[in-house]
2 protein chains.
Amino acid sequence: MKKRTTIKDIARKAGVNHSTVSRVINENPAISDKTKKKVLKIMADLDYRPNLIARGLVKSKTNAFALITPDVNLHVAPIIKGISDTCRRLNYGLMLFSTDYWLEESRSYLEVVKNWLVDGVLIYNVIYHKEIPANIKELQKEEIPFVFLNKFIGSGMVNAVGINNYSAVELAVDHLVNIGRKRIAVINGGMMSVDGVERFEGFKKALEKHDIEFDKRLVGEGNFFYNEAYEEMKRILCLNMEKPDAVFCANDLMAIAAINAIRDRGLKIPEDIAVVGFDDLEAGKYFTPALTTIRLPQQDIGGKAIDLLLKIINDPKRSVEDISLESKLIVRESSIK
Amino acid sequence: MKKRTTIKDIARKAGVNHSTVSRVINENPAISDKTKKKVLKIMADLDYRPNLIARGLVKSKTNAFALITPDVNLHVAPIIKGISDTCRRLNYGLMLFSTDYWLEESRSYLEVVKNWLVDGVLIYNVIYHKEIPANIKELQKEEIPFVFLNKFIGSGMVNAVGINNYSAVELAVDHLVNIGRKRIAVINGGMMSVDGVERFEGFKKALEKHDIEFDKRLVGEGNFFYNEAYEEMKRILCLNMEKPDAVFCANDLMAIAAINAIRDRGLKIPEDIAVVGFDDLEAGKYFTPALTTIRLPQQDIGGKAIDLLLKIINDPKRSVEDISLESKLIVRESSIK
DNA sequence: ACCTAAATTGGTAACGTGTGCATATATAAG
DNA sequence: CTTATATATGCACACGTTACCAATTTAGGT
């Protein structure tokens with residue numbers, strides 16, 4: 001690579017001290033218009049860019065955030081997009097660390113954060129924890145600003161931003177009740193994951209709200225994938241009891257599985273059984289029947305999370321805050337009256 | 001944030017000069033076992049991590065790459081995953097810049113690259129160009145190592161890694177011919193995009209290979225989205241001529257549109273018209289009929305691209321290379337005999 | 001013109017590492 | 001016990017920038 005032009009190159013050409021150039025760059029008011037103009041001209045001519053590494057060294061601030069995510073897939077994509085768009089707007093860099101799940105527990109987040117200096121860390125994490133894991137405590141001890149995404153929402157334990165799974169599921173159940181369904185099955189997403197747990201909890205709470213008794217036999221133990229959901233749906237339909245008239249699935253892929261299972265069993269959707277998914281997969285709209293689902297404000301998470309991160313950075317002693325975002329019900333054919 | 005422990009803290013505690021500590025860190029052989037052990041012990045005790053910013057300043061090497069992408073969506077996700085996994089393996093950082101398309105032409109890639117020092121740049125870009133755009137020439141002039149993803153493959157103009165659209169489409173057409181189809185329609189992805197152009201070119205070439213005459217009337221001008229593809233498919237089916245017996249779509253979403261259009265027109269898939277998509281969307285498997293498609297080695301692009309980038313960094317004068325990766329045909333119900 | 005205060009600029013140290021060169025210590029040879 | 005040679009370590013500077021303090025210039029008031 002070519003040698004970059006530095007502040008000193010500019011200074012030499014302008015016949016001033018390099019600190020003067022620095023002042024021009026940092027818009028220090030103690031600088032005469034004449035020299036300011038001269039320096040700016042030369043900076044433009046030489047296409048000068050400040051060396052952010054050097055600046056980072058002296059200011060111990062890199063103007064970059066880190067995002068730690070277990071995976072990069074279609075669910076994480078909109079979150080990343082939101083974050084990265086926000087970073088661009090604020091002129092921050094974004095370091096992306098995909099851990100491929102192995103970092104979840106065993107290794108400390110500090111490993112990456114301490115090595116790649118960043119001003120703050122966003123942690124997207126899907127494994128369900130009741131307590132704050134030890135490695136996070138370490139983060140707190142080191143006073144590294146961090147915000148959790150989609151975890152510990154409403155816990156009051158750490159700074160966090162995420163969707164409100166409870167109210168989102170409530171939307172779904174309310175809708176099913178509104179169209180007259182009372183015997184609602186559920187296909188779960190697995191109790192290892194935050195979303196799996198919360199959506200199931202939310203489901204039970206929503207039933208309670210409508211005075212519908214929770215029937216254990218109507219619970220399918222899925223894991224967010226297709227195959228298990230298909231089998232569970234089929235199993236529920238074969239039980240020797242009154243059939244469900246609706247099913248809520250913790251994500252769209254499982255909802256598609258449910259639809260296929262129901263149809264393979266010779267039942268009609270939505271007449272016999274209404275189906276509601278979760279996530280708003282693009283393709284869901286084009287299925288027959290088009291899938292009713294919950295649309296999540298995934299892209300908004302990034303903006304809110306970085307807002308919060310900046311607040312923490314500017315006031316490290318502030319009390320923790322968590323922000324929960326509301327989702328939207330998208331009604332389509334799979335659950336109309 | 002807390003003050004980090006530095007090389008000097010270690011040095012003080014060990015009663016040696018900081019340069020000795022530096023040598024230990026860098027495994028300089030000119031260092032006695034005794035002091036080495038002592039220093040290493042203290043480093044472990046204090047949980048020392050080198051300040052990569054400072055190191056980057058003196059070595060003008062940051063051990064980080066940049067990825068510039070117009071968007072973060074489900075298509076880019078696996079590419080990002082591949083890249084980020086590879087970076088993690090090699091202990092490189094990855095700076096993600098999502099341009100939201102505005103950087104494509106107007107602003108120079110240099111803007112970001114020069115500002116955030118990185119050792120190399122990966123550029124994912126979807127807009128079709130015959131010539132190398134001016135901003136890239138600038139990159140070359142500045143001698144910044146970069147590799148294109150999914151663009152300029154086979155052009156011999158720049159270093160690039162991507163899928164071979166031509167051979168991928170050939171797979172699809174070969175398959176359709178194999179199951180006895182001769183009158184093959186196509187729904188294009190739009191001539192603004194590299195993939196759109198190349199897949200259409202590949203389609204025509206593949207027809208030629210099988211001595212099938214290209215019929216302009218069987219071309220639908222899609223844009224990778226659902227609605228236009230649906231309309232175009234419908235239009236083609238309404239033309240006053242012999243109907244196609246197959247349709248190749250430049251991506252899966254449009255293939256789903258085609259399926260719905262064909263079905264809405266009262267025709268059977270695959271009996272009347274076989275459908276082949278492109279991309280292998282997860283949901284495609286669960287449609288009825290399950291979608292035949294082309295599975296792309298998206299995740300492999302990252303590894304190959306970074307290999308190439310490292311080669312360029314280590315030998316800046318080497319001649320350009322481009323690597324094209326092969327895709328795989330996934331046959332499902334939408335195109336069986 | 002002269003003094004004083006204000007505005008502008010220069011000089012230098014610092015951020016945390018790496019590195020070449022000089023120096024000190026240990027080892028080997030005589 | 002010297003002297004020569006390897007081996008080990010310290011010293012000082014460099015990387016490009018910011019930040020502080022001192023020095024200089026300019027402006028304002030008499």
# chains A, B, ... in the order shown; residues from 1 in each chain; ligands from 1

call {"tool": "residues_around", "arguments": {"residues": "DA14 (chain D)", "least_positions_apart": "2", "cutoff": "10 Å", "atoms": "only C-alpha atoms (C1' of nucleotides)", "output": "MDAnalysis selection string"}}
result
(chainID B and resid 58) or (chainID C and resid 18:19) or (chainID D and resid 12 16)

call {"tool": "write_last_selection", "arguments": {"atoms": "N, CA, C and O atoms (P, O5', C5', C4', C3', O3' and C1' of nucleotides)", "output": "PDB file, in the first residue's frame"}}
result
ATOM      1  N   VAL B  58       1.962   1.214  14.710  1.00  0.00           N
ATOM      2  CA  VAL B  58       3.374   1.074  14.396  1.00  0.00           C
ATOM      3  C   VAL B  58       3.617   0.129  13.213  1.00  0.00           C
ATOM      4  O   VAL B  58       4.507   0.362  12.404  1.00  0.00           O
TER       5      VAL B  58
ATOM      6  P    DG C  18       4.014  -5.257  19.982  1.00  0.00           P
ATOM      7  O5'  DG C  18       5.059  -4.522  19.023  1.00  0.00           O
ATOM      8  C5'  DG C  18       4.651  -4.197  17.714  1.00  0.00           C
ATOM      9  C4'  DG C  18       5.816  -3.588  16.944  1.00  0.00           C
ATOM     10  C3'  DG C  18       7.035  -4.499  16.794  1.00  0.00           C
ATOM     11  O3'  DG C  18       7.536  -4.310  15.474  1.00  0.00           O
ATOM     12  C1'  DG C  18       7.682  -2.479  17.820  1.00  0.00           C
ATOM     13  P    DT C  19       8.606  -5.302  14.861  1.00  0.00           P
ATOM     14  O5'  DT C  19       9.945  -4.441  14.933  1.00  0.00           O
ATOM     15  C5'  DT C  19       9.969  -3.182  14.284  1.00  0.00           C
ATOM     16  C4'  DT C  19      11.345  -2.547  14.455  1.00  0.00           C
ATOM     17  C3'  DT C  19      12.504  -3.560  14.461  1.00  0.00           C
ATOM     18  O3'  DT C  19      13.587  -2.982  13.756  1.00  0.00           O
ATOM     19  C1'  DT C  19      12.582  -2.274  16.406  1.00  0.00           C
TER      20       DT C  19
ATOM     21  P    DA D  12      17.897   6.782  26.878  1.00  0.00           P
ATOM     22  O5'  DA D  12      17.445   6.956  25.356  1.00  0.00           O
ATOM     23  C5'  DA D  12      18.330   6.515  24.324  1.00  0.00           C
ATOM     24  C4'  DA D  12      17.654   6.638  22.968  1.00  0.00           C
ATOM     25  C3'  DA D  12      16.637   7.776  22.875  1.00  0.00           C
ATOM     26  O3'  DA D  12      16.763   8.340  21.589  1.00  0.00           O
ATOM     27  C1'  DA D  12      15.556   5.750  22.394  1.00  0.00           C
ATOM     28  P    DG D  16       3.075   7.672   9.876  1.00  0.00           P
ATOM     29  O5'  DG D  16       1.871   8.385  10.636  1.00  0.00           O
ATOM     30  C5'  DG D  16       0.599   7.769  10.624  1.00  0.00           C
ATOM     31  C4'  DG D  16      -0.319   8.509  11.561  1.00  0.00           C
ATOM     32  C3'  DG D  16      -0.492   9.992  11.212  1.00  0.00           C
ATOM     33  O3'  DG D  16      -1.871  10.281  11.236  1.00  0.00           O
ATOM     34  C1'  DG D  16       0.153   9.737  13.482  1.00  0.00           C
TER      35       DG D  16
END

call {"tool": "select_by_dssp", "arguments": {"residues": "region 129-326 of chain A", "states": "strand (DSSP E)", "output": "MDAnalysis selection string"}}
result
chainID A and resid 146:149 160:163 184:187 219:220 246:249 274:276 293:295 322:325

call {"tool": "interface_residues", "arguments": {"of": "chain B", "to": "chain C", "cutoff": "8 Å", "atoms": "only C-alpha atoms (C1' of nucleotides)", "output": "PyMOL selection string"}}
result
chain B and resi 6-7+19+22+51+54-55+58-59

call {"tool": "atom_distance", "arguments": {"atom1": "CA of Arg199 (chain A)", "atom2": "CA of Leu171 (chain A)"}}
result
11.5 Å

call {"tool": "atom_distance", "arguments": {"atom1": "CA of Ala258 (chain B)", "atom2": "CA of Glu271 (chain B)"}}
result
14.5 Å

call {"tool": "atom_distance", "arguments": {"atom1": "CA of His129 (chain A)", "atom2": "CA of Val194 (chain A)"}}
result
7.5 Å

call {"tool": "closest_atom_pairs", "arguments": {"of": "chain D", "to": "chain B", "cutoff": "9 Å", "atoms": "only C-alpha atoms (C1' of nucleotides)", "output": "tab-separated table"}}
result
residue	atom	partner	partner_atom	distance
D:DT7	C1'	B:Ala30	CA	7.2
D:DA8	C1'	B:Ile31	CA	6.0
D:DT9	C1'	B:Thr20	CA	6.9
D:DG10	C1'	B:Asn17	CA	6.3
D:DA14	C1'	B:Val58	CA	7.6
D:DC15	C1'	B:Val58	CA	4.3
D:DG16	C1'	B:Leu57	CA	7.6

call {"tool": "closest_atom_pairs", "arguments": {"of": "chain A", "to": "chain B", "cutoff": "8 Å", "atoms": "only C-alpha atoms", "output": "tab-separated table"}}
result
residue	atom	partner	partner_atom	distance
A:Met1	CA	B:Glu143	CA	4.9
A:Lys2	CA	B:Glu142	CA	6.1
A:Arg49	CA	B:Asn115	CA	6.3
A:Pro50	CA	B:Asn115	CA	6.8
A:Asn51	CA	B:Asn115	CA	6.7
A:Leu52	CA	B:Trp116	CA	6.4
A:Ile53	CA	B:Ile53	CA	5.9
A:Ala54	CA	B:Leu57	CA	6.0
A:Gly56	CA	B:Ile53	CA	7.0
A:Leu57	CA	B:Ala54	CA	6.0
A:Asp71	CA	B:Lys81	CA	7.0
A:Val72	CA	B:Lys81	CA	5.2
A:Asn73	CA	B:Ala77	CA	5.3
A:Leu74	CA	B:Leu74	CA	4.6
A:Ala77	CA	B:Asn73	CA	5.3
A:Pro78	CA	B:Asn73	CA	6.5
A:Ile80	CA	B:Val72	CA	6.9
A:Lys81	CA	B:Val72	CA	5.2
A:Ser84	CA	B:Ser98	CA	6.0
A:Asp85	CA	B:Ser98	CA	6.5
A:Arg88	CA	B:Phe97	CA	7.4
A:Gly93	CA	B:Met95	CA	6.8
A:Leu94	CA	B:Met95	CA	5.5
A:Met95	CA	B:Met95	CA	4.4
A:Leu96	CA	B:Leu94	CA	5.6
A:Phe97	CA	B:Ser84	CA	6.6
A:Ser98	CA	B:Ser84	CA	6.0
A:Thr99	CA	B:Asp85	CA	7.5
A:Asp100	CA	B:Asp85	CA	7.3
A:Lys114	CA	B:Arg49	CA	6.8
A:Asn115	CA	B:Arg49	CA	6.3
A:Trp116	CA	B:Leu52	CA	6.3
A:Leu117	CA	B:Ile53	CA	7.0
A:Glu142	CA	B:Lys2	CA	6.0
A:Glu143	CA	B:Met1	CA	4.9
A:Ile144	CA	B:Met1	CA	5.6
A:Pro145	CA	B:Met1	CA	7.7
A:Leu253	CA	B:Ala283	CA	7.2
A:Ile256	CA	B:Tyr286	CA	7.3
A:Ala257	CA	B:Tyr286	CA	7.6
A:Ala283	CA	B:Ala283	CA	6.9
A:Tyr286	CA	B:Ile256	CA	7.3
A:Phe287	CA	B:Phe287	CA	7.2

call {"tool": "write_last_selection", "arguments": {"atoms": "N, CA and C atoms", "output": "short mmCIF file (atom, residue, chain, number, x, y, z; two decimals), in the first residue's frame"}}
result
data_model
loop_
_atom_site.label_atom_id
_atom_site.label_comp_id
_atom_site.auth_asym_id
_atom_site.auth_seq_id
_atom_site.Cartn_x
_atom_site.Cartn_y
_atom_site.Cartn_z
N MET A 1 0.83 -1.21 0.00
CA MET A 1 0.00 0.00 0.00
C MET A 1 0.87 1.26 0.00
N LYS A 2 0.33 2.27 -0.62
CA LYS A 2 1.04 3.54 -0.65
C LYS A 2 1.11 4.18 0.73
N ARG A 49 -6.81 12.17 4.70
CA ARG A 49 -7.77 11.52 5.60
C ARG A 49 -7.06 11.27 6.92
N PRO A 50 -7.68 11.61 8.00
CA PRO A 50 -7.04 11.34 9.29
C PRO A 50 -6.84 9.85 9.50
N ASN A 51 -5.76 9.51 10.11
CA ASN A 51 -5.50 8.13 10.46
C ASN A 51 -6.25 7.81 11.76
N LEU A 52 -7.32 7.06 11.58
CA LEU A 52 -8.18 6.81 12.73
C LEU A 52 -7.54 5.91 13.77
N ILE A 53 -6.56 5.17 13.33
CA ILE A 53 -5.85 4.31 14.27
C ILE A 53 -5.06 5.18 15.24
N ALA A 54 -4.32 6.12 14.69
CA ALA A 54 -3.54 7.01 15.53
C ALA A 54 -4.46 7.81 16.45
N GLY A 56 -7.35 6.97 17.42
CA GLY A 56 -7.90 6.05 18.41
C GLY A 56 -6.93 5.82 19.54
N LEU A 57 -5.68 5.76 19.20
CA LEU A 57 -4.67 5.50 20.22
C LEU A 57 -4.65 6.61 21.26
N ASP A 71 -24.56 -16.29 14.82
CA ASP A 71 -24.77 -16.76 13.47
C ASP A 71 -25.12 -15.57 12.58
N VAL A 72 -24.98 -15.75 11.29
CA VAL A 72 -25.51 -14.76 10.36
C VAL A 72 -26.47 -15.50 9.45
N ASN A 73 -27.75 -15.30 9.69
CA ASN A 73 -28.75 -15.99 8.89
C ASN A 73 -29.91 -15.04 8.58
N LEU A 74 -30.94 -15.56 7.99
CA LEU A 74 -31.99 -14.65 7.55
C LEU A 74 -32.70 -13.97 8.71
N ALA A 77 -30.13 -11.15 9.79
CA ALA A 77 -29.83 -10.19 8.73
C ALA A 77 -30.49 -8.83 8.94
N PRO A 78 -31.80 -8.78 9.18
CA PRO A 78 -32.40 -7.45 9.35
C PRO A 78 -31.88 -6.71 10.57
N ILE A 80 -28.81 -6.96 11.76
CA ILE A 80 -27.50 -6.45 11.35
C ILE A 80 -27.67 -5.24 10.45
N LYS A 81 -28.63 -5.35 9.56
CA LYS A 81 -28.85 -4.22 8.65
C LYS A 81 -29.19 -2.95 9.44
N SER A 84 -26.08 -1.71 11.19
CA SER A 84 -25.05 -1.19 10.31
C SER A 84 -25.49 0.12 9.65
N ASP A 85 -26.78 0.23 9.35
CA ASP A 85 -27.27 1.50 8.81
C ASP A 85 -27.09 2.61 9.83
N ARG A 88 -23.51 3.68 10.10
CA ARG A 88 -23.11 4.51 8.97
C ARG A 88 -23.59 5.94 9.17
N GLY A 93 -17.84 2.81 12.87
CA GLY A 93 -17.54 1.54 12.22
C GLY A 93 -18.23 0.42 12.97
N LEU A 94 -18.35 -0.70 12.31
CA LEU A 94 -18.97 -1.85 12.96
C LEU A 94 -18.12 -3.08 12.73
N MET A 95 -17.66 -3.67 13.82
CA MET A 95 -16.92 -4.91 13.71
C MET A 95 -17.89 -6.05 13.94
N LEU A 96 -17.89 -6.97 13.00
CA LEU A 96 -18.83 -8.08 13.11
C LEU A 96 -18.10 -9.34 13.55
N PHE A 97 -18.60 -9.95 14.61
CA PHE A 97 -18.03 -11.20 15.08
C PHE A 97 -19.12 -12.25 15.12
N SER A 98 -19.00 -13.19 14.23
CA SER A 98 -19.93 -14.30 14.25
C SER A 98 -19.25 -15.45 14.96
N THR A 99 -19.86 -15.91 16.02
CA THR A 99 -19.16 -16.87 16.87
C THR A 99 -19.43 -18.31 16.48
N ASP A 100 -20.40 -18.51 15.59
CA ASP A 100 -20.79 -19.86 15.22
C ASP A 100 -21.20 -20.65 16.46
N LYS A 114 -11.79 -7.19 24.15
CA LYS A 114 -10.54 -6.65 24.66
C LYS A 114 -9.49 -6.58 23.58
N ASN A 115 -9.59 -7.50 22.64
CA ASN A 115 -8.56 -7.52 21.61
C ASN A 115 -8.79 -6.47 20.55
N TRP A 116 -10.01 -6.33 20.15
CA TRP A 116 -10.33 -5.34 19.13
C TRP A 116 -10.98 -4.18 19.83
N LEU A 117 -10.22 -3.17 20.05
CA LEU A 117 -10.77 -2.07 20.83
C LEU A 117 -11.97 -1.47 20.13
N GLU A 142 -15.38 -5.01 33.93
CA GLU A 142 -14.41 -4.27 33.13
C GLU A 142 -14.96 -2.93 32.65
N GLU A 143 -16.21 -2.70 33.00
CA GLU A 143 -16.84 -1.44 32.62
C GLU A 143 -16.84 -1.19 31.12
N ILE A 144 -17.07 -2.24 30.39
CA ILE A 144 -17.18 -2.10 28.94
C ILE A 144 -18.65 -1.90 28.60
N PRO A 145 -18.98 -0.82 27.93
CA PRO A 145 -20.38 -0.57 27.60
C PRO A 145 -20.93 -1.66 26.67
N LEU A 253 -41.54 -20.96 9.71
CA LEU A 253 -41.14 -22.23 9.12
C LEU A 253 -41.94 -23.36 9.74
N ILE A 256 -45.47 -23.32 8.48
CA ILE A 256 -45.59 -23.98 7.17
C ILE A 256 -45.65 -25.49 7.37
N ALA A 257 -44.82 -25.97 8.28
CA ALA A 257 -44.85 -27.40 8.61
C ALA A 257 -46.24 -27.79 9.11
N ALA A 283 -41.56 -15.39 2.15
CA ALA A 283 -42.27 -16.39 1.36
C ALA A 283 -43.65 -16.72 1.92
N TYR A 286 -46.76 -15.85 0.08
CA TYR A 286 -47.06 -16.45 -1.22
C TYR A 286 -47.47 -17.90 -1.14
N PHE A 287 -47.50 -18.42 0.09
CA PHE A 287 -48.05 -19.76 0.26
C PHE A 287 -49.54 -19.75 0.02
#

call {"tool": "residues_around", "arguments": {"residues": "Ala261 (chain B)", "least_positions_apart": "2", "cutoff": "12 Å", "atoms": "only C-alpha atoms (C1' of nucleotides)", "output": "ChimeraX atom specification"}}
result
/A:286 /B:226-238,247,254-259,263-269,273,275

call {"tool": "write_last_selection", "arguments": {"atoms": "N, CA and C atoms", "output": "PDB file, in the first residue's frame"}}
result
ATOM      1  N   TYR A 286     -46.756 -15.850   0.081  1.00  0.00           N
ATOM      2  CA  TYR A 286     -47.061 -16.446  -1.220  1.00  0.00           C
ATOM      3  C   TYR A 286     -47.473 -17.904  -1.140  1.00  0.00           C
TER       4      TYR A 286
ATOM      5  N   TYR B 226     -41.460 -10.643  -6.443  1.00  0.00           N
ATOM      6  CA  TYR B 226     -42.594 -11.517  -6.723  1.00  0.00           C
ATOM      7  C   TYR B 226     -43.554 -10.940  -7.746  1.00  0.00           C
ATOM      8  N   ASN B 227     -43.996  -9.719  -7.497  1.00  0.00           N
ATOM      9  CA  ASN B 227     -45.137  -9.198  -8.247  1.00  0.00           C
ATOM     10  C   ASN B 227     -44.914  -9.153  -9.745  1.00  0.00           C
ATOM     11  N   GLU B 228     -43.786  -8.583 -10.139  1.00  0.00           N
ATOM     12  CA  GLU B 228     -43.508  -8.479 -11.563  1.00  0.00           C
ATOM     13  C   GLU B 228     -43.383  -9.857 -12.195  1.00  0.00           C
ATOM     14  N   ALA B 229     -42.778 -10.764 -11.465  1.00  0.00           N
ATOM     15  CA  ALA B 229     -42.613 -12.116 -12.008  1.00  0.00           C
ATOM     16  C   ALA B 229     -43.979 -12.771 -12.224  1.00  0.00           C
ATOM     17  N   TYR B 230     -44.855 -12.567 -11.256  1.00  0.00           N
ATOM     18  CA  TYR B 230     -46.200 -13.136 -11.374  1.00  0.00           C
ATOM     19  C   TYR B 230     -46.889 -12.590 -12.621  1.00  0.00           C
ATOM     20  N   GLU B 231     -46.821 -11.286 -12.796  1.00  0.00           N
ATOM     21  CA  GLU B 231     -47.470 -10.653 -13.946  1.00  0.00           C
ATOM     22  C   GLU B 231     -46.869 -11.136 -15.259  1.00  0.00           C
ATOM     23  N   GLU B 232     -45.563 -11.209 -15.289  1.00  0.00           N
ATOM     24  CA  GLU B 232     -44.901 -11.625 -16.522  1.00  0.00           C
ATOM     25  C   GLU B 232     -45.254 -13.064 -16.876  1.00  0.00           C
ATOM     26  N   MET B 233     -45.283 -13.909 -15.873  1.00  0.00           N
ATOM     27  CA  MET B 233     -45.616 -15.310 -16.133  1.00  0.00           C
ATOM     28  C   MET B 233     -47.028 -15.398 -16.699  1.00  0.00           C
ATOM     29  N   LYS B 234     -47.911 -14.651 -16.076  1.00  0.00           N
ATOM     30  CA  LYS B 234     -49.295 -14.657 -16.520  1.00  0.00           C
ATOM     31  C   LYS B 234     -49.389 -14.162 -17.970  1.00  0.00           C
ATOM     32  N   ARG B 235     -48.640 -13.101 -18.239  1.00  0.00           N
ATOM     33  CA  ARG B 235     -48.637 -12.536 -19.585  1.00  0.00           C
ATOM     34  C   ARG B 235     -48.196 -13.578 -20.607  1.00  0.00           C
ATOM     35  N   ILE B 236     -47.128 -14.267 -20.292  1.00  0.00           N
ATOM     36  CA  ILE B 236     -46.608 -15.264 -21.218  1.00  0.00           C
ATOM     37  C   ILE B 236     -47.637 -16.361 -21.465  1.00  0.00           C
ATOM     38  N   LEU B 237     -48.333 -16.731 -20.393  1.00  0.00           N
ATOM     39  CA  LEU B 237     -49.312 -17.818 -20.531  1.00  0.00           C
ATOM     40  C   LEU B 237     -50.525 -17.400 -21.350  1.00  0.00           C
ATOM     41  N   CYS B 238     -50.751 -16.087 -21.414  1.00  0.00           N
ATOM     42  CA  CYS B 238     -51.916 -15.609 -22.154  1.00  0.00           C
ATOM     43  C   CYS B 238     -51.626 -15.364 -23.635  1.00  0.00           C
ATOM     44  N   VAL B 247     -40.340 -23.459 -17.228  1.00  0.00           N
ATOM     45  CA  VAL B 247     -39.892 -22.082 -17.037  1.00  0.00           C
ATOM     46  C   VAL B 247     -38.735 -22.072 -16.047  1.00  0.00           C
ATOM     47  N   MET B 254     -39.216 -15.579  -7.510  1.00  0.00           N
ATOM     48  CA  MET B 254     -39.921 -15.453  -8.791  1.00  0.00           C
ATOM     49  C   MET B 254     -40.457 -16.806  -9.247  1.00  0.00           C
ATOM     50  N   ALA B 255     -39.747 -17.863  -8.859  1.00  0.00           N
ATOM     51  CA  ALA B 255     -40.234 -19.196  -9.220  1.00  0.00           C
ATOM     52  C   ALA B 255     -41.553 -19.470  -8.507  1.00  0.00           C
ATOM     53  N   ILE B 256     -41.637 -19.016  -7.259  1.00  0.00           N
ATOM     54  CA  ILE B 256     -42.879 -19.181  -6.513  1.00  0.00           C
ATOM     55  C   ILE B 256     -43.990 -18.368  -7.182  1.00  0.00           C
ATOM     56  N   ALA B 257     -43.624 -17.180  -7.616  1.00  0.00           N
ATOM     57  CA  ALA B 257     -44.593 -16.359  -8.342  1.00  0.00           C
ATOM     58  C   ALA B 257     -45.059 -17.086  -9.600  1.00  0.00           C
ATOM     59  N   ALA B 258     -44.114 -17.669 -10.301  1.00  0.00           N
ATOM     60  CA  ALA B 258     -44.451 -18.377 -11.535  1.00  0.00           C
ATOM     61  C   ALA B 258     -45.386 -19.544 -11.227  1.00  0.00           C
ATOM     62  N   ILE B 259     -45.056 -20.267 -10.172  1.00  0.00           N
ATOM     63  CA  ILE B 259     -45.896 -21.400  -9.785  1.00  0.00           C
ATOM     64  C   ILE B 259     -47.328 -20.930  -9.522  1.00  0.00           C
ATOM     65  N   ARG B 263     -50.578 -21.915 -11.712  1.00  0.00           N
ATOM     66  CA  ARG B 263     -51.689 -22.592 -11.063  1.00  0.00           C
ATOM     67  C   ARG B 263     -52.976 -21.781 -11.194  1.00  0.00           C
ATOM     68  N   ASP B 264     -52.835 -20.442 -11.000  1.00  0.00           N
ATOM     69  CA  ASP B 264     -54.012 -19.584 -11.130  1.00  0.00           C
ATOM     70  C   ASP B 264     -54.589 -19.640 -12.536  1.00  0.00           C
ATOM     71  N   ARG B 265     -53.755 -20.011 -13.458  1.00  0.00           N
ATOM     72  CA  ARG B 265     -54.182 -20.109 -14.854  1.00  0.00           C
ATOM     73  C   ARG B 265     -54.769 -21.486 -15.147  1.00  0.00           C
ATOM     74  N   GLY B 266     -54.799 -22.331 -14.104  1.00  0.00           N
ATOM     75  CA  GLY B 266     -55.429 -23.638 -14.242  1.00  0.00           C
ATOM     76  C   GLY B 266     -54.534 -24.709 -14.831  1.00  0.00           C
ATOM     77  N   LEU B 267     -53.226 -24.445 -14.826  1.00  0.00           N
ATOM     78  CA  LEU B 267     -52.313 -25.449 -15.379  1.00  0.00           C
ATOM     79  C   LEU B 267     -51.631 -26.210 -14.251  1.00  0.00           C
ATOM     80  N   LYS B 268     -51.134 -27.384 -14.580  1.00  0.00           N
ATOM     81  CA  LYS B 268     -50.552 -28.260 -13.565  1.00  0.00           C
ATOM     82  C   LYS B 268     -49.013 -28.213 -13.615  1.00  0.00           C
ATOM     83  N   ILE B 269     -48.435 -28.265 -12.400  1.00  0.00           N
ATOM     84  CA  ILE B 269     -46.985 -28.320 -12.275  1.00  0.00           C
ATOM     85  C   ILE B 269     -46.624 -29.644 -11.621  1.00  0.00           C
ATOM     86  N   ILE B 273     -46.302 -27.590 -16.996  1.00  0.00           N
ATOM     87  CA  ILE B 273     -45.115 -26.733 -17.016  1.00  0.00           C
ATOM     88  C   ILE B 273     -44.227 -27.077 -15.826  1.00  0.00           C
ATOM     89  N   VAL B 275     -41.105 -26.131 -13.357  1.00  0.00           N
ATOM     90  CA  VAL B 275     -40.543 -24.870 -12.868  1.00  0.00           C
ATOM     91  C   VAL B 275     -39.221 -25.123 -12.146  1.00  0.00           C
TER      92      VAL B 275
END
